[in-house]
Structure formats: C-alpha cells, structure tokens
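Scroll down for the structure; my scribbles are underneath it.
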Amino acid sequence: MRSISLLFGTYNHQPDGTPPERFEAVYQQAYKPFLSLLYKYPRIPGVLHYCGSLFEWLEAQHPEFIMLLKEMIRRKQVELLGGGYHAPVLALLPDGDKLGQIEKMSTFIRTTFGTRPRGSWIAERVWEPSLARILSNSGIEYTFLDDHHFHIAGVEEQDCYQPYLTEDQGKTITVLPLHLALQRMIPAKTPEDLILELHGTAGQTGGKTAVILLPGETLEDEQTNPPIYTNNGWLPRFFDLLEENREWLHPRNPRYNLESVQPQGRLYFPCLSSMETMNSALSPKRQKICQEVSKRIRKAESVVYLQRGFFRQFLTRYPEVNLLYSRLMYTHVLVNQIRGDKYKKKAALNELWKGQTGAVYWHGHHGGAYANHLRKAAYRAFIEAEKITRNAGMFMPAIIATDYDMDGHDEYLYQGKVLNAFVHRMGAILLELDYLPKSWNYLDTIARWPERYHRYKYEGCDWYMRKGFIDHFFAPNTTLEKFDRMSYQEMGDFIDQPFELEELKREQRKLIMLRHGQVRIKRKSYPVTLRKSYRFKENGIELSIAVINGGSAPIELWYGLEFNLALAGKGDKFSDFSVQIGEKEKRVSCEATALDSINSVWIDDKANGVRLSLGADRAFSLWSLPVETVCYEREKRTTLYQGSCFVSQWEINLQPEQQDELKVSIDLRKG
C-alpha cells in the first residue's frame, strides 16, 4: 500500500529588540492558538523550534505556554529543535561563537524541558559546508535545508523525499529536505488538496518522508485568508484529515522515529540559503536579469542552474551591514581577551551573542537591516559586551589604528570612558559614535539604497553612507529638496575618496587627515585640499576643517558638513530639535527645514535622556531633514525612520594658496 511519513511543525523567531507589543500580538494570534490546537490532537506529533529570545519572553510573560510544552514533550508529542540561541546566521560567526550559541540553546532546552535536542534549525537555511562539522561537534544529529539545496546538489525531484548524509573533515550530519511547494499550499490551497498531493507523492514501498515546517509568525488569523484557526479554520480541518488518513499518512517526530532520519546516500551542498536571501543578496539590476533568465527556462531548471546570490554578498551590498559585522568581529576579539574571570567572560559572551541575531545582517522583502530597532539592539549588545571587557581601574582612553572593517586599510578608533568614536579613511568620516552610559550608537544609520520594490527612483537614491562629518561642495542652485532626493550635483570628490593620515597624536587624542582633491566650478576643476583635525574629548569631539585653495585662481565655494544622528524614532515622542539664532532659541520641526544664521543646534534624545549639541565657531545655514527608507513589514508597504540629517553650510571665498579654517563640535551629555 502506498504510504508516506510526514514531519510537520513550525519554527518561531522574534529577534532581540522586537517591541514587547509585537511579541504579545504574535503570541495571541499565532503561537498560542497553534500549540493549543496541536494539544487537542495528541496522536499528531509536532516538530517545533523557538529562538532563545522568544523562550525568554515566554518564560517571563506566559509561563503557562512553557508548562504546556513540557507536558507535550513528556507525552512524546512534541520534539524541540535546537540551533543558535539568538537565531544567528551561523555561517557568519567565528567557530567559537557558533559552538557557544548552539550549546547555550541545547543547555536551555535540557534544563527547562529535560531533553537535549538531537535536531537543529538553521536560520534562513544559510549553509556553508563547514557547518556539518560544527553541528556534529555540538552533538546535533540532523538538520533541515530547503529542497532546492538538494536539487542543486544533484538530487532529482522524485528522490527528494528522504534524508541524506553530508560531512566536513570527517564529521557527518543528516540533512532532511524542506518541501517548499507543500509549504506554500498552506493556506493557499484547501487541506484536501494538500492531502491529495501527499497521496500522490507516497511510494508503493514506503520510505518517503515529506517535511513541512512553517514560519510560525505567518500563521496569524489576522494575516491569513482563509483563517487558520477560527471559523472551521484550515489547520483544524487538516489535523482531522491527518487522523482520517493514518493508514497511509504517518505523522512522525524524527527523535522518536529514527527510521525517518536514516540517510539514503551522501551529498555535498554548496554555499546556499533560502531563495529570498539568495535573490536579495544580488543588486537590483542583477535581480532583474536573474528574473528574466529564469522565465526563459523551466522553473525547476532555473533553481538548479541559476545560483543567484551568496549570503555574504549582503556585507558588500549594504556597507552598514558590513559595519555591524565588523563590530561583531571586533567585539568577539575583545571578549575573548578576558582571562581568569569566568563570570565576567560569560556575561560578555551573552551580550556578544545577543548582537549576533541574524535578522539585521540581511534584507529581503521585509525590514531586516532597515529595521531601526533591531540594529539598535545589536549595537547595544556589542557596546554592553565591550563595557564588560574593560577593567574600570586600568582602562585609559586611547586611539588605536586597526583594519576595523577588513578593507585592507587602517581605521582609527578612539575609545574613551564616555564615548567611542571610529574614523574611516574614506572621506575621513565618523563611522560610529557610541555614548557608553546609554550603550547607544548615534551613527547607527542606514542609507536609502536602491531596491527592486521601489516605485520611484528617489525612494532609494543615496550613493554614500549616512554617517558623521561628511564633506560636501554644492552648486549654487542646490536646494534642500534636491539634496533630499539626491538629484543635486556634488561638485567635490571628497565624500567617498581616501584621505591620508597626516598625524596621529595618541597622547593628545588627536587625529589629522588630509586629501588633495578637486572641486568643479562652471565645468572647470580647481585643486582644493581638505585637512580634517579630530580632537576627542571626554564628552564630545572637536573638528577643525581647513579648506585650502591649491590653485592659482580665486574660488568661491559653498561648503556643507553633513551629520546624521540615529535616534529611536521621529517626532515629539522621541526627540526635540532646537536651534540658537543670535540670542534666541527656536524649536525646529523634525520634518525638512531650512534655516539661516544658526549658531548651534540642540537635539534632546528623549528615549535615552541625552542632549546632543552641534556647534561651530561661526554662524551657518542649516538643512535638517529625516532620512526614511521604504520597505515592507508583514506584507504592508511602509516607511521606516532611520535618522535625522543635519547639513551645516558656509560660503567660503579663497584667494590662491589661501585657506579658511572652520571649527565644529559635537557634545553629548545626560539631559
């Protein structure tokens, strides 16, 4: 008789930094009703995965959910999968952190539920061959990858209903295929359609296993049509059909039915991930080409022969993601320098691992790297980890030169007792500005990079990172609106070009960088030199900018200095902006505003209780505007606030060989 085994369940993840109200909403609409429904069908086993941050929230807010899970595990109905505790993209992490995160999850499941996981979930199914060794060394026996991974590895469609073995350096692990076509039928097709599909797949001699693991967050009644649970919902009907067809359709848990995870051969998988991440890792232009090519060949063949992107390409496509990854690696080094204090090291490791949450290291159709609150949580964790590594009595502020972002050139990192400030050679811009008392990076911004889903060009038109102390030379017809839409013409070549190190005075906490560049005026290029002198103080930064006319003709310049501040959000709830004009203080809107004759700018960060001030030694014109990106959240097109941009401007007239020096500063103090 035809028969088939079915592994059915959900994987559930809420990243660190998710607002509490979102946790509660998904719990009430998805997590709770799914487990409650499954409990009513004790003969139907479930394979479930929950990330560590979700487990912690459930323990604190809904311990009854944990108690229900314990009961279902005791009666061998539910199997819990392990994996990285904070749902990291394991392939990006140093091996020690991979092992640590997996062991932390395994230890939690063992101490809480009395069982050690044998299977593992891999976030976004980001696979690199070395993971076989890591998982095996962690005591994991089997894991799951998308079925297209198997097709690319050489498995035909009819043979993709059984597990296979893979290995690295002699360490083996069993891998089961996730059947995405079956998953997409829920709830797009009827439960009867899915049962018929499974019956058609069943083999005459048995031995086939279909695996359907759904993202739990998609099983919200409010987000599905037809409803999943209510009004004779999709899942209750499906569970009824599973009961009615038990003679040939056998729901299983691999932990208690080892025959379902017996490998039928050996495979080697290349570096792959979920289809969405592989598509999104490409530039918009290449995404379009890939889509056009896939239409010309059969769909199955397009999966096999079009490799699309590689997950690590997110580190080059989004420079801000690379900076967060660089922060991860740098913090990893700091934490692993702790010696002799295991409690201190454990606390630092826990913070480091929080920052490794995988959701912020890529962007697809949803927020991801553009999710402001998730990036803030990651940076907060890294800063907390760094603070733990410091010996309060021995720490001395200093500037170090190191290849922080792994681009082959040194960056300059000032680490103080109140501030961290990292300077990059490209543009001599400020990359990171950490206010340590609040563990907040005020330069955790992201630019409006072009995306395939943009309707209009100006929705994603930035060509440089939105960071601190960016040098502009504007044309006379430049307006705030043109600058906002990036339709203005940049006259200088300083923003994304390298500066040379002129002097590094470690004792004086001073850094001087220089670039001999060009400014175009009326279709003619003039040699201009910028010398940027950073001086780092306890609560702020002083920057002297010397603009030097290196030519033989007088020039008239419109110079702008851009600084972007990453605040918790836009509006009065999060911050107040005000400026000083002469002796008067004036409040400023958070929307796009142009002002003249400004002496200084104050920003009251209400979320952190910090007042920031931007000042200069002479009056300036000011543009202030929010930086917002367009993306999708839960299938809804939305605009996300990323930061507030301030551009100070001066008119500078220089005779041949003459220079003009501007002095600006930023100061951060508790409000």
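Every chain in the structure tokens takes a letter, A first, then B, and so on in the order presented; its residues are numbered from 1, and the ligands are numbered from 1 following the presented order.
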
Alpha helix (DSSP H) call set, DSSP backbone run, stretch 200-368 of chain A, as a ChimeraX atom specification
/A:200-201,234-244,275-280,284-296,299-305,314-317,319-335,342-354

Return as a CSV table (one decimal) with C-alpha atoms, in the first residue's frame the full set of residues in stretch 325-512 of chain A whose backbone-based DSSP assignment is strand (DSSP E or B).
chain,number,residue,atom,x,y,z
A,357,THR,CA,20.8,38.0,15.9
A,366,HIS,CA,10.8,42.9,4.9
A,398,ALA,CA,43.3,55.9,23.5
A,399,ILE,CA,43.3,56.0,19.8
A,400,ILE,CA,44.2,52.8,18.0
A,401,ALA,CA,44.8,52.1,14.3
A,402,THR,CA,43.5,48.9,13.0
A,411,GLU,CA,40.7,52.9,10.6
A,412,TYR,CA,41.2,55.0,13.7
A,413,LEU,CA,39.3,54.0,16.8
A,414,TYR,CA,39.0,56.3,19.8
A,415,GLN,CA,37.9,54.5,22.9
A,419,LEU,CA,32.5,58.0,24.1
A,420,ASN,CA,33.7,55.7,21.3
A,421,ALA,CA,34.4,57.4,18.0
A,422,PHE,CA,35.6,55.5,14.9
A,423,VAL,CA,37.0,57.4,11.9
A,426,MET,CA,37.3,57.1,3.1
A,430,LEU,CA,32.9,59.4,11.5
A,431,LEU,CA,31.6,55.8,11.3
A,432,GLU,CA,30.5,55.1,14.9
A,433,LEU,CA,29.7,57.3,17.8
A,434,ASP,CA,28.9,55.4,21.0
A,435,TYR,CA,27.6,57.1,24.1
A,440,TRP,CA,23.8,53.8,22.1
A,441,ASN,CA,25.5,54.3,18.7
A,468,GLY,CA,29.1,61.9,10.5
A,469,PHE,CA,31.2,64.8,9.3
A,470,ILE,CA,30.7,64.3,5.6
A,471,ASP,CA,32.2,67.0,3.3
A,472,HIS,CA,30.0,68.5,0.5
A,473,PHE,CA,30.7,71.1,-2.1
A,474,PHE,CA,27.4,72.3,-3.5
A,490,GLU,CA,28.2,67.1,-5.9
A,492,GLY,CA,33.8,67.9,-4.9
A,498,PRO,CA,40.5,58.2,0.6
A,500,GLU,CA,45.8,60.3,4.0
A,501,LEU,CA,47.0,60.1,7.6
A,502,GLU,CA,49.0,63.3,8.3
A,503,GLU,CA,49.4,62.9,12.1
A,504,LEU,CA,48.3,60.7,14.9
A,505,LYS,CA,48.9,62.1,18.4
A,510,LYS,CA,44.2,64.0,18.1
A,511,LEU,CA,44.0,62.7,14.6
A,512,ILE,CA,44.8,64.7,11.4

Could you pull the residues within 7 Å of stretch 30-43 of chain A, counting only C-alpha atoms, minus those fewer than 6 positions along the same chain, as an mmCIF file with N, CA and C atoms, in the first residue's frame?
data_model
loop_
_atom_site.group_PDB
_atom_site.id
_atom_site.type_symbol
_atom_site.label_atom_id
_atom_site.label_comp_id
_atom_site.auth_asym_id
_atom_site.auth_seq_id
_atom_site.Cartn_x
_atom_site.Cartn_y
_atom_site.Cartn_z
ATOM 1 N N GLN A 77 4.803 13.975 22.226
ATOM 2 C CA GLN A 77 4.089 14.530 21.069
ATOM 3 C C GLN A 77 4.915 15.589 20.364
ATOM 4 N N GLY A 216 6.194 30.208 12.079
ATOM 5 C CA GLY A 216 5.041 30.353 12.957
ATOM 6 C C GLY A 216 4.374 31.704 12.879
ATOM 7 N N GLU A 217 5.160 32.754 12.599
ATOM 8 C CA GLU A 217 4.615 34.111 12.559
ATOM 9 C C GLU A 217 3.635 34.313 11.411
ATOM 10 N N LEU A 219 1.298 32.246 10.673
ATOM 11 C CA LEU A 219 0.044 31.565 10.999
ATOM 12 C C LEU A 219 -0.816 32.416 11.924
ATOM 13 N N GLU A 220 -0.904 33.698 11.631
ATOM 14 C CA GLU A 220 -1.780 34.599 12.374
ATOM 15 C C GLU A 220 -3.131 34.651 11.670
#

Please list as a PDB file with N, CA and C atoms, in the first residue's frame every residue within 10 Å of stretch 662-668 of chain A, counting only C-alpha atoms and excluding residues in the same chain fewer than 2 positions away.
ATOM      1  N   VAL A 418      33.581  57.744  28.150  1.00  0.00           N
ATOM      2  CA  VAL A 418      32.195  58.137  27.894  1.00  0.00           C
ATOM      3  C   VAL A 418      31.807  57.887  26.443  1.00  0.00           C
ATOM      4  N   LEU A 419      32.765  58.068  25.522  1.00  0.00           N
ATOM      5  CA  LEU A 419      32.481  57.956  24.090  1.00  0.00           C
ATOM      6  C   LEU A 419      33.409  56.971  23.408  1.00  0.00           C
ATOM      7  N   TYR A 435      27.676  56.439  22.753  1.00  0.00           N
ATOM      8  CA  TYR A 435      27.556  57.089  24.062  1.00  0.00           C
ATOM      9  C   TYR A 435      27.432  55.962  25.087  1.00  0.00           C
ATOM     10  N   PHE A 469      30.136  63.940   9.818  1.00  0.00           N
ATOM     11  CA  PHE A 469      31.182  64.832   9.302  1.00  0.00           C
ATOM     12  C   PHE A 469      31.533  64.499   7.848  1.00  0.00           C
ATOM     13  N   LYS A 532      41.375  67.634   7.903  1.00  0.00           N
ATOM     14  CA  LYS A 532      40.417  67.432   8.987  1.00  0.00           C
ATOM     15  C   LYS A 532      41.169  66.976  10.237  1.00  0.00           C
ATOM     16  N   SER A 533      41.050  67.787  11.282  1.00  0.00           N
ATOM     17  CA  SER A 533      41.762  67.522  12.533  1.00  0.00           C
ATOM     18  C   SER A 533      40.744  67.182  13.619  1.00  0.00           C
ATOM     19  N   TYR A 534      40.718  65.915  14.013  1.00  0.00           N
ATOM     20  CA  TYR A 534      39.821  65.450  15.081  1.00  0.00           C
ATOM     21  C   TYR A 534      40.528  65.558  16.429  1.00  0.00           C
ATOM     22  N   ARG A 535      39.798  66.065  17.401  1.00  0.00           N
ATOM     23  CA  ARG A 535      40.282  66.016  18.783  1.00  0.00           C
ATOM     24  C   ARG A 535      39.157  65.443  19.638  1.00  0.00           C
ATOM     25  N   PHE A 536      39.463  64.367  20.320  1.00  0.00           N
ATOM     26  CA  PHE A 536      38.458  63.649  21.095  1.00  0.00           C
ATOM     27  C   PHE A 536      38.525  64.057  22.557  1.00  0.00           C
ATOM     28  N   LYS A 537      37.382  64.462  23.081  1.00  0.00           N
ATOM     29  CA  LYS A 537      37.291  64.887  24.479  1.00  0.00           C
ATOM     30  C   LYS A 537      36.380  63.922  25.227  1.00  0.00           C
ATOM     31  N   GLU A 538      36.257  64.131  26.525  1.00  0.00           N
ATOM     32  CA  GLU A 538      35.509  63.175  27.335  1.00  0.00           C
ATOM     33  C   GLU A 538      34.064  63.059  26.890  1.00  0.00           C
ATOM     34  N   ASN A 539      33.422  64.195  26.595  1.00  0.00           N
ATOM     35  CA  ASN A 539      32.001  64.189  26.248  1.00  0.00           C
ATOM     36  C   ASN A 539      31.720  64.623  24.824  1.00  0.00           C
ATOM     37  N   GLY A 540      32.727  64.730  23.999  1.00  0.00           N
ATOM     38  CA  GLY A 540      32.448  65.187  22.651  1.00  0.00           C
ATOM     39  C   GLY A 540      33.660  65.145  21.747  1.00  0.00           C
ATOM     40  N   ILE A 541      33.481  65.735  20.573  1.00  0.00           N
ATOM     41  CA  ILE A 541      34.518  65.766  19.537  1.00  0.00           C
ATOM     42  C   ILE A 541      34.623  67.179  19.000  1.00  0.00           C
ATOM     43  N   GLU A 542      35.835  67.663  18.873  1.00  0.00           N
ATOM     44  CA  GLU A 542      36.099  68.932  18.186  1.00  0.00           C
ATOM     45  C   GLU A 542      36.762  68.616  16.853  1.00  0.00           C
ATOM     46  N   LEU A 543      36.268  69.243  15.787  1.00  0.00           N
ATOM     47  CA  LEU A 543      36.800  69.011  14.448  1.00  0.00           C
ATOM     48  C   LEU A 543      37.152  70.338  13.805  1.00  0.00           C
ATOM     49  N   SER A 544      38.419  70.468  13.402  1.00  0.00           N
ATOM     50  CA  SER A 544      38.867  71.641  12.641  1.00  0.00           C
ATOM     51  C   SER A 544      39.008  71.229  11.183  1.00  0.00           C
ATOM     52  N   ILE A 545      38.401  72.009  10.292  1.00  0.00           N
ATOM     53  CA  ILE A 545      38.427  71.703   8.867  1.00  0.00           C
ATOM     54  C   ILE A 545      39.091  72.865   8.143  1.00  0.00           C
ATOM     55  N   ALA A 546      40.252  72.614   7.608  1.00  0.00           N
ATOM     56  CA  ALA A 546      40.964  73.623   6.823  1.00  0.00           C
ATOM     57  C   ALA A 546      40.663  73.385   5.347  1.00  0.00           C
ATOM     58  N   VAL A 547      40.080  74.418   4.692  1.00  0.00           N
ATOM     59  CA  VAL A 547      39.789  74.357   3.259  1.00  0.00           C
ATOM     60  C   VAL A 547      40.845  75.206   2.563  1.00  0.00           C
ATOM     61  N   LEU A 561      28.706  70.545   5.641  1.00  0.00           N
ATOM     62  CA  LEU A 561      29.170  69.464   6.511  1.00  0.00           C
ATOM     63  C   LEU A 561      27.939  68.719   7.031  1.00  0.00           C
ATOM     64  N   PHE A 563      25.919  65.731   9.097  1.00  0.00           N
ATOM     65  CA  PHE A 563      25.983  64.843  10.256  1.00  0.00           C
ATOM     66  C   PHE A 563      24.613  64.196  10.430  1.00  0.00           C
ATOM     67  N   SER A 600      24.067  77.269  16.797  1.00  0.00           N
ATOM     68  CA  SER A 600      24.211  75.894  17.273  1.00  0.00           C
ATOM     69  C   SER A 600      22.867  75.181  17.176  1.00  0.00           C
ATOM     70  N   VAL A 601      22.916  73.848  17.247  1.00  0.00           N
ATOM     71  CA  VAL A 601      21.729  73.000  17.179  1.00  0.00           C
ATOM     72  C   VAL A 601      21.728  72.101  18.410  1.00  0.00           C
ATOM     73  N   TRP A 602      20.547  71.962  19.018  1.00  0.00           N
ATOM     74  CA  TRP A 602      20.396  71.050  20.156  1.00  0.00           C
ATOM     75  C   TRP A 602      19.385  69.971  19.809  1.00  0.00           C
ATOM     76  N   ILE A 603      19.705  68.779  20.188  1.00  0.00           N
ATOM     77  CA  ILE A 603      18.803  67.648  19.997  1.00  0.00           C
ATOM     78  C   ILE A 603      18.611  66.978  21.350  1.00  0.00           C
ATOM     79  N   ASP A 604      17.390  66.970  21.829  1.00  0.00           N
ATOM     80  CA  ASP A 604      17.075  66.277  23.078  1.00  0.00           C
ATOM     81  C   ASP A 604      16.555  64.886  22.746  1.00  0.00           C
ATOM     82  N   VAL A 610      19.397  62.075  26.757  1.00  0.00           N
ATOM     83  CA  VAL A 610      20.687  62.656  26.384  1.00  0.00           C
ATOM     84  C   VAL A 610      20.449  63.910  25.560  1.00  0.00           C
ATOM     85  N   ARG A 611      21.236  64.962  25.828  1.00  0.00           N
ATOM     86  CA  ARG A 611      21.202  66.164  24.995  1.00  0.00           C
ATOM     87  C   ARG A 611      22.466  66.203  24.154  1.00  0.00           C
ATOM     88  N   LEU A 612      22.262  66.354  22.848  1.00  0.00           N
ATOM     89  CA  LEU A 612      23.366  66.470  21.910  1.00  0.00           C
ATOM     90  C   LEU A 612      23.383  67.890  21.361  1.00  0.00           C
ATOM     91  N   SER A 613      24.554  68.452  21.203  1.00  0.00           N
ATOM     92  CA  SER A 613      24.664  69.791  20.626  1.00  0.00           C
ATOM     93  C   SER A 613      25.677  69.777  19.493  1.00  0.00           C
ATOM     94  N   LEU A 614      25.292  70.408  18.383  1.00  0.00           N
ATOM     95  CA  LEU A 614      26.161  70.596  17.230  1.00  0.00           C
ATOM     96  C   LEU A 614      26.439  72.082  17.112  1.00  0.00           C
ATOM     97  N   GLY A 615      27.696  72.459  17.185  1.00  0.00           N
ATOM     98  CA  GLY A 615      28.036  73.879  17.163  1.00  0.00           C
ATOM     99  C   GLY A 615      29.185  74.178  16.222  1.00  0.00           C
ATOM    100  N   ALA A 616      29.417  75.478  15.997  1.00  0.00           N
ATOM    101  CA  ALA A 616      30.506  75.921  15.133  1.00  0.00           C
ATOM    102  C   ALA A 616      31.014  77.267  15.628  1.00  0.00           C
ATOM    103  N   ASP A 617      32.202  77.660  15.151  1.00  0.00           N
ATOM    104  CA  ASP A 617      32.799  78.921  15.601  1.00  0.00           C
ATOM    105  C   ASP A 617      32.283  80.119  14.811  1.00  0.00           C
ATOM    106  N   ARG A 618      31.387  79.894  13.881  1.00  0.00           N
ATOM    107  CA  ARG A 618      30.756  80.993  13.146  1.00  0.00           C
ATOM    108  C   ARG A 618      29.357  80.556  12.720  1.00  0.00           C
ATOM    109  N   SER A 648      25.210  71.600   7.865  1.00  0.00           N
ATOM    110  CA  SER A 648      25.637  72.986   8.103  1.00  0.00           C
ATOM    111  C   SER A 648      26.377  73.480   6.866  1.00  0.00           C
ATOM    112  N   TRP A 650      28.435  76.889   4.699  1.00  0.00           N
ATOM    113  CA  TRP A 650      29.121  78.169   4.724  1.00  0.00           C
ATOM    114  C   TRP A 650      29.553  78.537   3.298  1.00  0.00           C
ATOM    115  N   ASP A 660      40.948  78.650   4.674  1.00  0.00           N
ATOM    116  CA  ASP A 660      39.974  79.088   5.672  1.00  0.00           C
ATOM    117  C   ASP A 660      39.730  77.895   6.590  1.00  0.00           C
ATOM    118  N   LYS A 670      24.163  63.809  29.532  1.00  0.00           N
ATOM    119  CA  LYS A 670      22.877  63.407  30.067  1.00  0.00           C
ATOM    120  C   LYS A 670      21.978  64.619  30.183  1.00  0.00           C
ATOM    121  N   GLY A 671      20.734  64.489  29.676  1.00  0.00           N
ATOM    122  CA  GLY A 671      19.815  65.616  29.662  1.00  0.00           C
ATOM    123  C   GLY A 671      19.160  65.861  31.002  1.00  0.00           C
TER     124      GLY A 671
END
